[in-house]
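Before any comments, here is the structure.
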2 protein chains.
Amino acid sequence: MPERTVLIVDDEFAIRDMLRMALEIADYRVEEADNIQDAYTRIVDQRPDIILLDWMLPGGSGIELLRRLKREESTQEIPVIMLTAKTAEDNVIQGLDVGADDYITKPFAPRELIARIRALLRRATPGQEQGRLEVNGLVLDGESRRIFIADRPVDMGPTEFNLLQFFMSHPERAYTRGQLLDHVWGANVYVEERTVDVHIRRLRKALQADEADYSGLIQTVRGTGYRFSARGL
Amino acid sequence: MPERTVLIVDDEFAIRDMLRMALEIADYRVEEADNIQDAYTRIVDQRPDIILLDWMLPGGSGIELLRRLKREESTQEIPVIMLTAKTAEDNVIQGLDVGADDYITKPFAPRELIARIRALLRRATPGQEQGRLEVNGLVLDGESRRIFIADRPVDMGPTEFNLLQFFMSHPERAYTRGQLLDHVWGANVYVEERTVDVHIRRLRKALQADEADYSGLIQTVRGTGYRFSARGL
DNA sequence: CGTTATGGTCATAATTTCATCATGTAATAC
DNA sequence: GTATTACATGATGAAATTATGACCATAACG
């Protein structure tokens, strides 16, 4: 299981520190933010798997951030656990109303927090059902993240694998370099568009095995970008 | 790559100057405005590809302009990056709420700004209507940007493809060379009208496959221009 | 902590595509 | 029938776009 990232948004150092310790023991990667602005930046740029959001924050209450996150499509799916100091029922209701997925009141037992995080992650990660894709004997196994040509495993880097996986699940369609960057690299990644060319080349090279040459499946669409197609060229 | 225009809206000369320099190095065309009024005029008249908007402006805060831009259909699609001072945290949320596409806090590294601009620009203009067009077995697939004759892909240049796409979506109608240039090449492109003839020829040639000859679909309208027609010649 | 892989960028080569020009051919006008 | 105009076509150098190899920084690994 890939390591999950938890973003802690809280202005009190002591709390953050305590949380970080607990989470790291539980084997999560931890990011921290002590204000809304920084939090938003990290969320957009790093896409944590789950967010722990303090209710009371300087410069705008956490609920504003929450509302924003739940409205934006790209961040909607990230589960948020509200951390509330008081047992003020109102806040809890309001928070859940806006879209918090769970809440926990301070002080809390780290054990309980971890449990809730785990529960949310389990639920929120419908998992990218990967499975197995095949085209003319070229096989992609999502589980093991491996490619096979004539039953022989093929060697390629992670990015090339992701690229091929995207292509194989979206065949017969031309994509611009920008679209590929968004889908394969992820949005908010600042990478030169020409970099796509290089990975296309690496992927093509990897698809040239001794047994068969599948590099023709990756087709250049001049003036546009690239396309994966099993239909004859 | 058509040069992109960036409009800087900021009242401080020093900032504008710094931005202009960074942007010009990155090969953007730069427009400047130091107040809302001027900014609005330039946006409407020149339609920049992206706007850098300072939060604090004399004569109405930048958010007013932003709100207006996002309300009007003609300017809605132009991406806006808010420039905010470091201290104002809740401004960020507010700005994003109103429809800013991204924000960056001063002071910032030019490199980061360029990166964000590039990311936004590549996401914008997602592309137009596509789909599949067919005439008597001649198939145009907009998604994959390919032409098929008898299920075999046909080779042609981007311009020929665009030309055919335009024709197939506007059949039975004669167009002058000027109109074709406007629609297929894009407005304000300086190209000889006779150049259209050459591309018509190339398109016709491409439409002559071994299996079938579709070149007759592209008909010359003497004294006027050309027409795409499925009806008998 | 050194070693190896991977990823991103750049410079340059290799291709493809394009806009024009020059010239041939067909269609109208007179 | 001949002049004139409009379109067709082949060739061509330039421009645009993509392919490729090399390099360096950094992450991953042992």
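Identifiers in this document derive from the order of the structure tokens: chains are assigned A, B, ..., residues are numbered from 1 separately in each chain, and ligands are numbered from 1 in order of occurrence.
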> If you run DSSP on the backbone, which residues of segment 9-232 of chain B are alpha helix (DSSP H), as a ChimeraX atom specification?
Replying inline: /B:13-25,36-46,62-71,73-76,89-98,110-123,158-169,177-180,194-206
Write out chain A, as a PDB file with C-alpha atoms, in the first residue's frame, after superposing it onto chain B by least squares using every C-alpha atom paired in order.
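So the final result, stored in result.pdb, reads:
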```
ATOM      1  CA  MET A   1       1.144  19.875 -25.831  1.00  0.00           C
ATOM      2  CA  PRO A   2       0.882  23.167 -27.619  1.00  0.00           C
ATOM      3  CA  GLU A   3       2.591  25.970 -25.824  1.00  0.00           C
ATOM      4  CA  ARG A   4       0.255  27.955 -23.611  1.00  0.00           C
ATOM      5  CA  THR A   5       0.137  31.718 -23.498  1.00  0.00           C
ATOM      6  CA  VAL A   6      -0.087  33.667 -20.290  1.00  0.00           C
ATOM      7  CA  LEU A   7      -1.029  37.314 -20.286  1.00  0.00           C
ATOM      8  CA  ILE A   8       0.349  39.381 -17.443  1.00  0.00           C
ATOM      9  CA  VAL A   9      -1.565  42.539 -16.679  1.00  0.00           C
ATOM     10  CA  ASP A  10       0.351  44.647 -14.215  1.00  0.00           C
ATOM     11  CA  ASP A  11       1.679  48.174 -14.254  1.00  0.00           C
ATOM     12  CA  GLU A  12       4.855  47.519 -12.331  1.00  0.00           C
ATOM     13  CA  PHE A  13       7.707  46.576 -14.546  1.00  0.00           C
ATOM     14  CA  ALA A  14       9.520  44.721 -11.814  1.00  0.00           C
ATOM     15  CA  ILE A  15       6.607  42.434 -11.172  1.00  0.00           C
ATOM     16  CA  ARG A  16       6.051  41.727 -14.821  1.00  0.00           C
ATOM     17  CA  ASP A  17       9.675  40.977 -15.266  1.00  0.00           C
ATOM     18  CA  MET A  18       9.769  38.603 -12.392  1.00  0.00           C
ATOM     19  CA  LEU A  19       6.669  36.827 -13.589  1.00  0.00           C
ATOM     20  CA  ARG A  20       7.889  36.607 -17.131  1.00  0.00           C
ATOM     21  CA  MET A  21      11.071  34.966 -16.029  1.00  0.00           C
ATOM     22  CA  ALA A  22       9.331  32.422 -13.895  1.00  0.00           C
ATOM     23  CA  LEU A  23       6.785  31.625 -16.550  1.00  0.00           C
ATOM     24  CA  GLU A  24       9.267  31.285 -19.336  1.00  0.00           C
ATOM     25  CA  ILE A  25      11.285  28.871 -17.324  1.00  0.00           C
ATOM     26  CA  ALA A  26       8.104  26.890 -16.895  1.00  0.00           C
ATOM     27  CA  ASP A  27       7.781  26.957 -20.653  1.00  0.00           C
ATOM     28  CA  TYR A  28       4.894  29.310 -21.135  1.00  0.00           C
ATOM     29  CA  ARG A  29       4.645  31.954 -23.759  1.00  0.00           C
ATOM     30  CA  VAL A  30       4.307  35.331 -22.077  1.00  0.00           C
ATOM     31  CA  GLU A  31       2.458  38.441 -23.119  1.00  0.00           C
ATOM     32  CA  GLU A  32       2.426  41.623 -21.109  1.00  0.00           C
ATOM     33  CA  ALA A  33       0.188  44.624 -20.707  1.00  0.00           C
ATOM     34  CA  ASP A  34       0.593  47.484 -18.309  1.00  0.00           C
ATOM     35  CA  ASN A  35      -2.836  49.018 -18.644  1.00  0.00           C
ATOM     36  CA  ILE A  36      -6.388  47.955 -19.151  1.00  0.00           C
ATOM     37  CA  GLN A  37      -6.708  49.146 -22.650  1.00  0.00           C
ATOM     38  CA  ASP A  38      -3.717  47.297 -23.915  1.00  0.00           C
ATOM     39  CA  ALA A  39      -4.774  44.280 -21.931  1.00  0.00           C
ATOM     40  CA  TYR A  40      -8.175  44.173 -23.510  1.00  0.00           C
ATOM     41  CA  THR A  41      -6.733  44.466 -26.971  1.00  0.00           C
ATOM     42  CA  ARG A  42      -4.371  41.610 -26.391  1.00  0.00           C
ATOM     43  CA  ILE A  43      -7.023  39.441 -24.866  1.00  0.00           C
ATOM     44  CA  VAL A  44      -9.384  39.866 -27.746  1.00  0.00           C
ATOM     45  CA  ASP A  45      -6.791  39.627 -30.431  1.00  0.00           C
ATOM     46  CA  GLN A  46      -4.529  36.961 -29.064  1.00  0.00           C
ATOM     47  CA  ARG A  47      -6.771  34.945 -26.796  1.00  0.00           C
ATOM     48  CA  PRO A  48      -4.297  33.975 -24.115  1.00  0.00           C
ATOM     49  CA  ASP A  49      -4.906  30.710 -22.327  1.00  0.00           C
ATOM     50  CA  ILE A  50      -4.816  32.328 -18.939  1.00  0.00           C
ATOM     51  CA  ILE A  51      -4.643  35.830 -17.506  1.00  0.00           C
ATOM     52  CA  LEU A  52      -2.779  37.113 -14.475  1.00  0.00           C
ATOM     53  CA  LEU A  53      -4.532  40.287 -13.491  1.00  0.00           C
ATOM     54  CA  ASP A  54      -3.285  42.829 -11.035  1.00  0.00           C
ATOM     55  CA  TRP A  55      -5.915  44.303  -8.837  1.00  0.00           C
ATOM     56  CA  MET A  56      -4.597  47.824  -8.791  1.00  0.00           C
ATOM     57  CA  LEU A  57      -4.192  49.356 -12.160  1.00  0.00           C
ATOM     58  CA  PRO A  58      -4.041  52.911 -13.350  1.00  0.00           C
ATOM     59  CA  GLY A  59      -7.049  53.988 -15.308  1.00  0.00           C
ATOM     60  CA  GLY A  60      -9.610  51.775 -13.731  1.00  0.00           C
ATOM     61  CA  SER A  61      -9.217  48.919 -11.386  1.00  0.00           C
ATOM     62  CA  GLY A  62      -8.666  45.492 -12.776  1.00  0.00           C
ATOM     63  CA  ILE A  63     -12.047  44.441 -11.571  1.00  0.00           C
ATOM     64  CA  GLU A  64     -13.695  46.411 -14.304  1.00  0.00           C
ATOM     65  CA  LEU A  65     -11.811  44.472 -16.876  1.00  0.00           C
ATOM     66  CA  LEU A  66     -12.594  41.238 -15.140  1.00  0.00           C
ATOM     67  CA  ARG A  67     -16.263  41.982 -15.071  1.00  0.00           C
ATOM     68  CA  ARG A  68     -16.237  42.751 -18.717  1.00  0.00           C
ATOM     69  CA  LEU A  69     -14.393  39.583 -19.595  1.00  0.00           C
ATOM     70  CA  LYS A  70     -16.760  37.408 -17.698  1.00  0.00           C
ATOM     71  CA  ARG A  71     -19.762  38.942 -19.312  1.00  0.00           C
ATOM     72  CA  GLU A  72     -18.577  38.487 -22.850  1.00  0.00           C
ATOM     73  CA  GLU A  73     -19.148  35.078 -24.205  1.00  0.00           C
ATOM     74  CA  SER A  74     -16.001  34.987 -26.197  1.00  0.00           C
ATOM     75  CA  THR A  75     -13.765  35.650 -23.211  1.00  0.00           C
ATOM     76  CA  GLN A  76     -15.802  34.034 -20.471  1.00  0.00           C
ATOM     77  CA  GLU A  77     -13.899  30.813 -20.550  1.00  0.00           C
ATOM     78  CA  ILE A  78     -10.454  32.279 -20.126  1.00  0.00           C
ATOM     79  CA  PRO A  79      -9.316  31.652 -16.567  1.00  0.00           C
ATOM     80  CA  VAL A  80      -8.177  34.658 -14.595  1.00  0.00           C
ATOM     81  CA  ILE A  81      -5.911  34.719 -11.590  1.00  0.00           C
ATOM     82  CA  MET A  82      -6.084  37.924  -9.588  1.00  0.00           C
ATOM     83  CA  LEU A  83      -2.890  39.304  -8.161  1.00  0.00           C
ATOM     84  CA  THR A  84      -3.572  41.262  -5.012  1.00  0.00           C
ATOM     85  CA  ALA A  85      -1.077  43.290  -3.102  1.00  0.00           C
ATOM     86  CA  LYS A  86      -2.770  43.463   0.208  1.00  0.00           C
ATOM     87  CA  THR A  87      -4.234  40.636   2.023  1.00  0.00           C
ATOM     88  CA  ALA A  88      -7.400  42.612   2.081  1.00  0.00           C
ATOM     89  CA  GLU A  89     -10.032  39.997   2.343  1.00  0.00           C
ATOM     90  CA  ASP A  90     -12.646  42.209   0.784  1.00  0.00           C
ATOM     91  CA  ASN A  91     -10.880  42.442  -2.485  1.00  0.00           C
ATOM     92  CA  VAL A  92     -10.445  38.764  -2.729  1.00  0.00           C
ATOM     93  CA  ILE A  93     -14.075  38.105  -2.067  1.00  0.00           C
ATOM     94  CA  GLN A  94     -15.088  40.733  -4.529  1.00  0.00           C
ATOM     95  CA  GLY A  95     -12.754  39.436  -7.157  1.00  0.00           C
ATOM     96  CA  LEU A  96     -13.929  35.892  -6.868  1.00  0.00           C
ATOM     97  CA  ASP A  97     -17.433  37.193  -6.882  1.00  0.00           C
ATOM     98  CA  VAL A  98     -16.992  38.841 -10.205  1.00  0.00           C
ATOM     99  CA  GLY A  99     -15.600  35.692 -11.651  1.00  0.00           C
ATOM    100  CA  ALA A 100     -11.906  35.409 -10.961  1.00  0.00           C
ATOM    101  CA  ASP A 101     -10.962  31.768 -10.965  1.00  0.00           C
ATOM    102  CA  ASP A 102      -8.270  32.075  -8.367  1.00  0.00           C
ATOM    103  CA  TYR A 103      -6.184  34.677  -6.638  1.00  0.00           C
ATOM    104  CA  ILE A 104      -2.765  34.948  -5.149  1.00  0.00           C
ATOM    105  CA  THR A 105      -1.371  37.616  -2.879  1.00  0.00           C
ATOM    106  CA  LYS A 106       1.886  39.376  -3.418  1.00  0.00           C
ATOM    107  CA  PRO A 107       4.515  38.562  -2.584  1.00  0.00           C
ATOM    108  CA  PHE A 108       4.227  35.010  -3.764  1.00  0.00           C
ATOM    109  CA  ALA A 109       6.493  32.167  -4.617  1.00  0.00           C
ATOM    110  CA  PRO A 110       6.817  31.610  -8.353  1.00  0.00           C
ATOM    111  CA  ARG A 111       6.500  27.935  -7.655  1.00  0.00           C
ATOM    112  CA  GLU A 112       3.096  28.396  -6.170  1.00  0.00           C
ATOM    113  CA  LEU A 113       1.952  30.565  -9.021  1.00  0.00           C
ATOM    114  CA  ILE A 114       3.028  28.021 -11.580  1.00  0.00           C
ATOM    115  CA  ALA A 115       1.199  25.347  -9.680  1.00  0.00           C
ATOM    116  CA  ARG A 116      -2.000  27.315  -9.673  1.00  0.00           C
ATOM    117  CA  ILE A 117      -1.697  28.128 -13.328  1.00  0.00           C
ATOM    118  CA  ARG A 118      -1.213  24.508 -14.146  1.00  0.00           C
ATOM    119  CA  ALA A 119      -4.197  23.543 -12.067  1.00  0.00           C
ATOM    120  CA  LEU A 120      -6.424  26.054 -13.754  1.00  0.00           C
ATOM    121  CA  LEU A 121      -5.305  25.157 -17.215  1.00  0.00           C
ATOM    122  CA  ARG A 122      -5.938  21.530 -16.523  1.00  0.00           C
ATOM    123  CA  ARG A 123      -9.414  22.267 -15.374  1.00  0.00           C
ATOM    124  CA  ALA A 124     -10.272  24.945 -17.871  1.00  0.00           C
ATOM    125  CA  THR A 125      -9.187  22.943 -20.836  1.00  0.00           C
ATOM    126  CA  PRO A 126     -11.804  20.308 -21.224  1.00  0.00           C
ATOM    127  CA  GLY A 127      -9.681  19.734 -24.231  1.00  0.00           C
ATOM    128  CA  GLN A 128     -11.173  19.716 -27.609  1.00  0.00           C
ATOM    129  CA  GLU A 129     -12.040  16.104 -27.575  1.00  0.00           C
ATOM    130  CA  GLN A 130     -10.950  15.494 -31.019  1.00  0.00           C
ATOM    131  CA  GLY A 131     -11.159  11.885 -31.717  1.00  0.00           C
ATOM    132  CA  ARG A 132     -11.702  10.276 -34.998  1.00  0.00           C
ATOM    133  CA  LEU A 133     -14.026  11.261 -37.764  1.00  0.00           C
ATOM    134  CA  GLU A 134     -14.740   9.200 -40.805  1.00  0.00           C
ATOM    135  CA  VAL A 135     -16.695   9.533 -44.003  1.00  0.00           C
ATOM    136  CA  ASN A 136     -16.640   6.780 -46.588  1.00  0.00           C
ATOM    137  CA  GLY A 137     -13.107   5.808 -45.839  1.00  0.00           C
ATOM    138  CA  LEU A 138     -11.793   9.307 -45.403  1.00  0.00           C
ATOM    139  CA  VAL A 139     -10.442   9.326 -41.884  1.00  0.00           C
ATOM    140  CA  LEU A 140      -9.494  12.240 -39.700  1.00  0.00           C
ATOM    141  CA  ASP A 141      -7.523  11.490 -36.591  1.00  0.00           C
ATOM    142  CA  GLY A 142      -7.642  14.419 -34.219  1.00  0.00           C
ATOM    143  CA  GLU A 143      -5.029  13.006 -31.912  1.00  0.00           C
ATOM    144  CA  SER A 144      -2.269  12.776 -34.422  1.00  0.00           C
ATOM    145  CA  ARG A 145      -3.762  15.527 -36.530  1.00  0.00           C
ATOM    146  CA  ARG A 146      -3.588  13.450 -39.628  1.00  0.00           C
ATOM    147  CA  ILE A 147      -5.810  12.506 -42.494  1.00  0.00           C
ATOM    148  CA  PHE A 148      -5.940   9.060 -44.011  1.00  0.00           C
ATOM    149  CA  ILE A 149      -7.261   7.895 -47.318  1.00  0.00           C
ATOM    150  CA  ALA A 150      -7.294   4.158 -47.691  1.00  0.00           C
ATOM    151  CA  ASP A 151      -4.982   3.947 -44.700  1.00  0.00           C
ATOM    152  CA  ARG A 152      -2.392   6.089 -46.376  1.00  0.00           C
ATOM    153  CA  PRO A 153      -1.603   9.370 -44.666  1.00  0.00           C
ATOM    154  CA  VAL A 154      -2.418  12.465 -46.648  1.00  0.00           C
ATOM    155  CA  ASP A 155      -0.243  15.535 -46.703  1.00  0.00           C
ATOM    156  CA  MET A 156      -1.782  18.939 -46.066  1.00  0.00           C
ATOM    157  CA  GLY A 157      -1.069  22.143 -44.207  1.00  0.00           C
ATOM    158  CA  PRO A 158      -2.382  22.908 -40.721  1.00  0.00           C
ATOM    159  CA  THR A 159      -5.002  25.301 -42.002  1.00  0.00           C
ATOM    160  CA  GLU A 160      -6.341  22.759 -44.441  1.00  0.00           C
ATOM    161  CA  PHE A 161      -6.499  20.241 -41.643  1.00  0.00           C
ATOM    162  CA  ASN A 162      -8.424  22.618 -39.413  1.00  0.00           C
ATOM    163  CA  LEU A 163     -10.752  23.420 -42.219  1.00  0.00           C
ATOM    164  CA  LEU A 164     -11.447  19.788 -42.928  1.00  0.00           C
ATOM    165  CA  GLN A 165     -11.869  19.070 -39.251  1.00  0.00           C
ATOM    166  CA  PHE A 166     -14.458  21.794 -38.989  1.00  0.00           C
ATOM    167  CA  PHE A 167     -16.245  20.583 -42.069  1.00  0.00           C
ATOM    168  CA  MET A 168     -16.288  16.981 -40.981  1.00  0.00           C
ATOM    169  CA  SER A 169     -17.717  17.870 -37.618  1.00  0.00           C
ATOM    170  CA  HIS A 170     -20.312  20.142 -39.207  1.00  0.00           C
ATOM    171  CA  PRO A 171     -21.449  18.378 -42.343  1.00  0.00           C
ATOM    172  CA  GLU A 172     -24.489  18.995 -44.463  1.00  0.00           C
ATOM    173  CA  ARG A 173     -24.501  22.661 -43.871  1.00  0.00           C
ATOM    174  CA  ALA A 174     -23.509  25.641 -45.976  1.00  0.00           C
ATOM    175  CA  TYR A 175     -21.126  28.143 -44.445  1.00  0.00           C
ATOM    176  CA  THR A 176     -20.262  31.579 -45.661  1.00  0.00           C
ATOM    177  CA  ARG A 177     -16.647  32.518 -45.998  1.00  0.00           C
ATOM    178  CA  GLY A 178     -17.057  34.803 -43.018  1.00  0.00           C
ATOM    179  CA  GLN A 179     -18.355  32.000 -40.867  1.00  0.00           C
ATOM    180  CA  LEU A 180     -15.504  29.773 -41.893  1.00  0.00           C
ATOM    181  CA  LEU A 181     -13.047  32.492 -41.029  1.00  0.00           C
ATOM    182  CA  ASP A 182     -14.627  32.886 -37.624  1.00  0.00           C
ATOM    183  CA  HIS A 183     -14.694  29.183 -36.886  1.00  0.00           C
ATOM    184  CA  VAL A 184     -11.519  27.938 -38.457  1.00  0.00           C
ATOM    185  CA  TRP A 185      -9.243  30.938 -38.306  1.00  0.00           C
ATOM    186  CA  GLY A 186     -10.815  32.301 -35.144  1.00  0.00           C
ATOM    187  CA  ALA A 187     -12.660  35.509 -34.545  1.00  0.00           C
ATOM    188  CA  ASN A 188     -10.737  38.737 -34.619  1.00  0.00           C
ATOM    189  CA  VAL A 189      -8.557  37.584 -37.415  1.00  0.00           C
ATOM    190  CA  TYR A 190      -8.462  40.022 -40.214  1.00  0.00           C
ATOM    191  CA  VAL A 191      -8.145  38.032 -43.348  1.00  0.00           C
ATOM    192  CA  GLU A 192      -9.582  38.525 -46.795  1.00  0.00           C
ATOM    193  CA  GLU A 193     -12.636  36.409 -47.384  1.00  0.00           C
ATOM    194  CA  ARG A 194     -11.262  35.280 -50.708  1.00  0.00           C
ATOM    195  CA  THR A 195      -8.442  33.619 -48.885  1.00  0.00           C
ATOM    196  CA  VAL A 196     -10.922  30.946 -47.948  1.00  0.00           C
ATOM    197  CA  ASP A 197     -11.244  30.039 -51.611  1.00  0.00           C
ATOM    198  CA  VAL A 198      -7.579  29.383 -51.829  1.00  0.00           C
ATOM    199  CA  HIS A 199      -7.557  27.077 -48.861  1.00  0.00           C
ATOM    200  CA  ILE A 200     -10.587  25.287 -50.191  1.00  0.00           C
ATOM    201  CA  ARG A 201      -8.681  24.641 -53.353  1.00  0.00           C
ATOM    202  CA  ARG A 202      -5.670  23.393 -51.433  1.00  0.00           C
ATOM    203  CA  LEU A 203      -7.852  21.149 -49.378  1.00  0.00           C
ATOM    204  CA  ARG A 204      -9.596  19.750 -52.414  1.00  0.00           C
ATOM    205  CA  LYS A 205      -6.302  19.077 -54.069  1.00  0.00           C
ATOM    206  CA  ALA A 206      -5.068  17.258 -50.998  1.00  0.00           C
ATOM    207  CA  LEU A 207      -8.181  15.119 -50.965  1.00  0.00           C
ATOM    208  CA  GLN A 208      -7.421  13.802 -54.414  1.00  0.00           C
ATOM    209  CA  ALA A 209      -5.376  10.749 -53.709  1.00  0.00           C
ATOM    210  CA  ASP A 210      -4.393   8.060 -56.147  1.00  0.00           C
ATOM    211  CA  GLU A 211      -6.733   5.626 -54.461  1.00  0.00           C
ATOM    212  CA  ALA A 212      -9.802   7.793 -54.210  1.00  0.00           C
ATOM    213  CA  ASP A 213     -10.965  11.305 -54.842  1.00  0.00           C
ATOM    214  CA  TYR A 214     -12.767  12.914 -51.980  1.00  0.00           C
ATOM    215  CA  SER A 215     -12.600  16.438 -53.308  1.00  0.00           C
ATOM    216  CA  GLY A 216     -16.276  16.248 -54.196  1.00  0.00           C
ATOM    217  CA  LEU A 217     -17.164  16.271 -50.525  1.00  0.00           C
ATOM    218  CA  ILE A 218     -16.233  19.916 -50.401  1.00  0.00           C
ATOM    219  CA  GLN A 219     -18.993  21.540 -52.359  1.00  0.00           C
ATOM    220  CA  THR A 220     -19.324  25.079 -53.577  1.00  0.00           C
ATOM    221  CA  VAL A 221     -22.568  26.774 -52.702  1.00  0.00           C
ATOM    222  CA  ARG A 222     -22.756  29.583 -55.163  1.00  0.00           C
ATOM    223  CA  GLY A 223     -23.629  32.934 -53.674  1.00  0.00           C
ATOM    224  CA  THR A 224     -23.094  31.586 -50.187  1.00  0.00           C
ATOM    225  CA  GLY A 225     -19.912  29.713 -49.547  1.00  0.00           C
ATOM    226  CA  TYR A 226     -19.060  26.055 -49.085  1.00  0.00           C
ATOM    227  CA  ARG A 227     -20.476  22.887 -47.670  1.00  0.00           C
ATOM    228  CA  PHE A 228     -19.185  19.488 -46.665  1.00  0.00           C
ATOM    229  CA  SER A 229     -21.534  16.750 -47.631  1.00  0.00           C
ATOM    230  CA  ALA A 230     -21.353  13.043 -48.029  1.00  0.00           C
ATOM    231  CA  ARG A 231     -24.673  12.952 -49.793  1.00  0.00           C
ATOM    232  CA  GLY A 232     -24.367  12.512 -53.513  1.00  0.00           C
ATOM    233  CA  LEU A 233     -23.825  15.591 -55.526  1.00  0.00           C
TER     234      LEU A 233
END
```
>> Residues of chain C within 9 Å of chain A, counting only C-alpha atoms (C1' of nucleotides) - could you list those as number ranges by chain?
In response: C: 5-9, 16
Per residue of chain D within 12 Å of chain B, what are the shortest atom pair and its distance in Å to one decimal, counting only C-alpha atoms (C1' of nucleotides), with rows by chain and residue number, as a tab-separated table?
```
residue	atom	partner	partner_atom	distance
D:DT5	C1'	B:Gly223	CA	9.5
D:DA6	C1'	B:Gly223	CA	7.0
D:DC7	C1'	B:Asp197	CA	7.8
D:DA8	C1'	B:Arg201	CA	7.6
D:DT9	C1'	B:Arg201	CA	7.9
D:DG10	C1'	B:Val198	CA	10.5
D:DA15	C1'	B:Met1	CA	11.9
D:DA16	C1'	B:Met1	CA	8.9
D:DT17	C1'	B:Met1	CA	10.0
```
>> I need the strand (DSSP E or B) residues of chain B per DSSP on the backbone, written as number ranges by chain.
In response: B: 5-9, 29-33, 50-54, 80-85, 102-106, 132-135, 138-141, 146-149, 152-154, 173-176, 208, 213, 218-221, 225-228
> Taking into account only C-alpha atoms (C1' of nucleotides), which residue in the set C:DA29, C:DC1, C:DC21, C:DC10 is nearest to DC24 of chain D?
Replying inline: C:DC10
>> Give me the residues near DT4 of chain D as a PyMOL selection string, where near means some atom within 12 Å (using only C-alpha atoms (C1' of nucleotides)) and where sequence neighbours in that chain fewer than 3 positions away do not count.
In response: chain C and resi 27-30
For those residues, write C-alpha atoms (C1' of nucleotides) to a file as a PDB file, in the first residue's frame.
```pdb
ATOM      1  C1'  DA C  27     -14.017  27.230 -68.526  1.00  0.00           C
ATOM      2  C1'  DT C  28     -16.160  31.481 -70.082  1.00  0.00           C
ATOM      3  C1'  DA C  29     -16.435  35.787 -72.853  1.00  0.00           C
ATOM      4  C1'  DC C  30     -16.448  38.179 -77.045  1.00  0.00           C
TER       5       DC C  30
END
```
>> Please report the interatomic distance between atom C1' of DT17 of chain C and atom C1' of DG21 of chain D in Å with one decimal.
In response: 24.7 Å
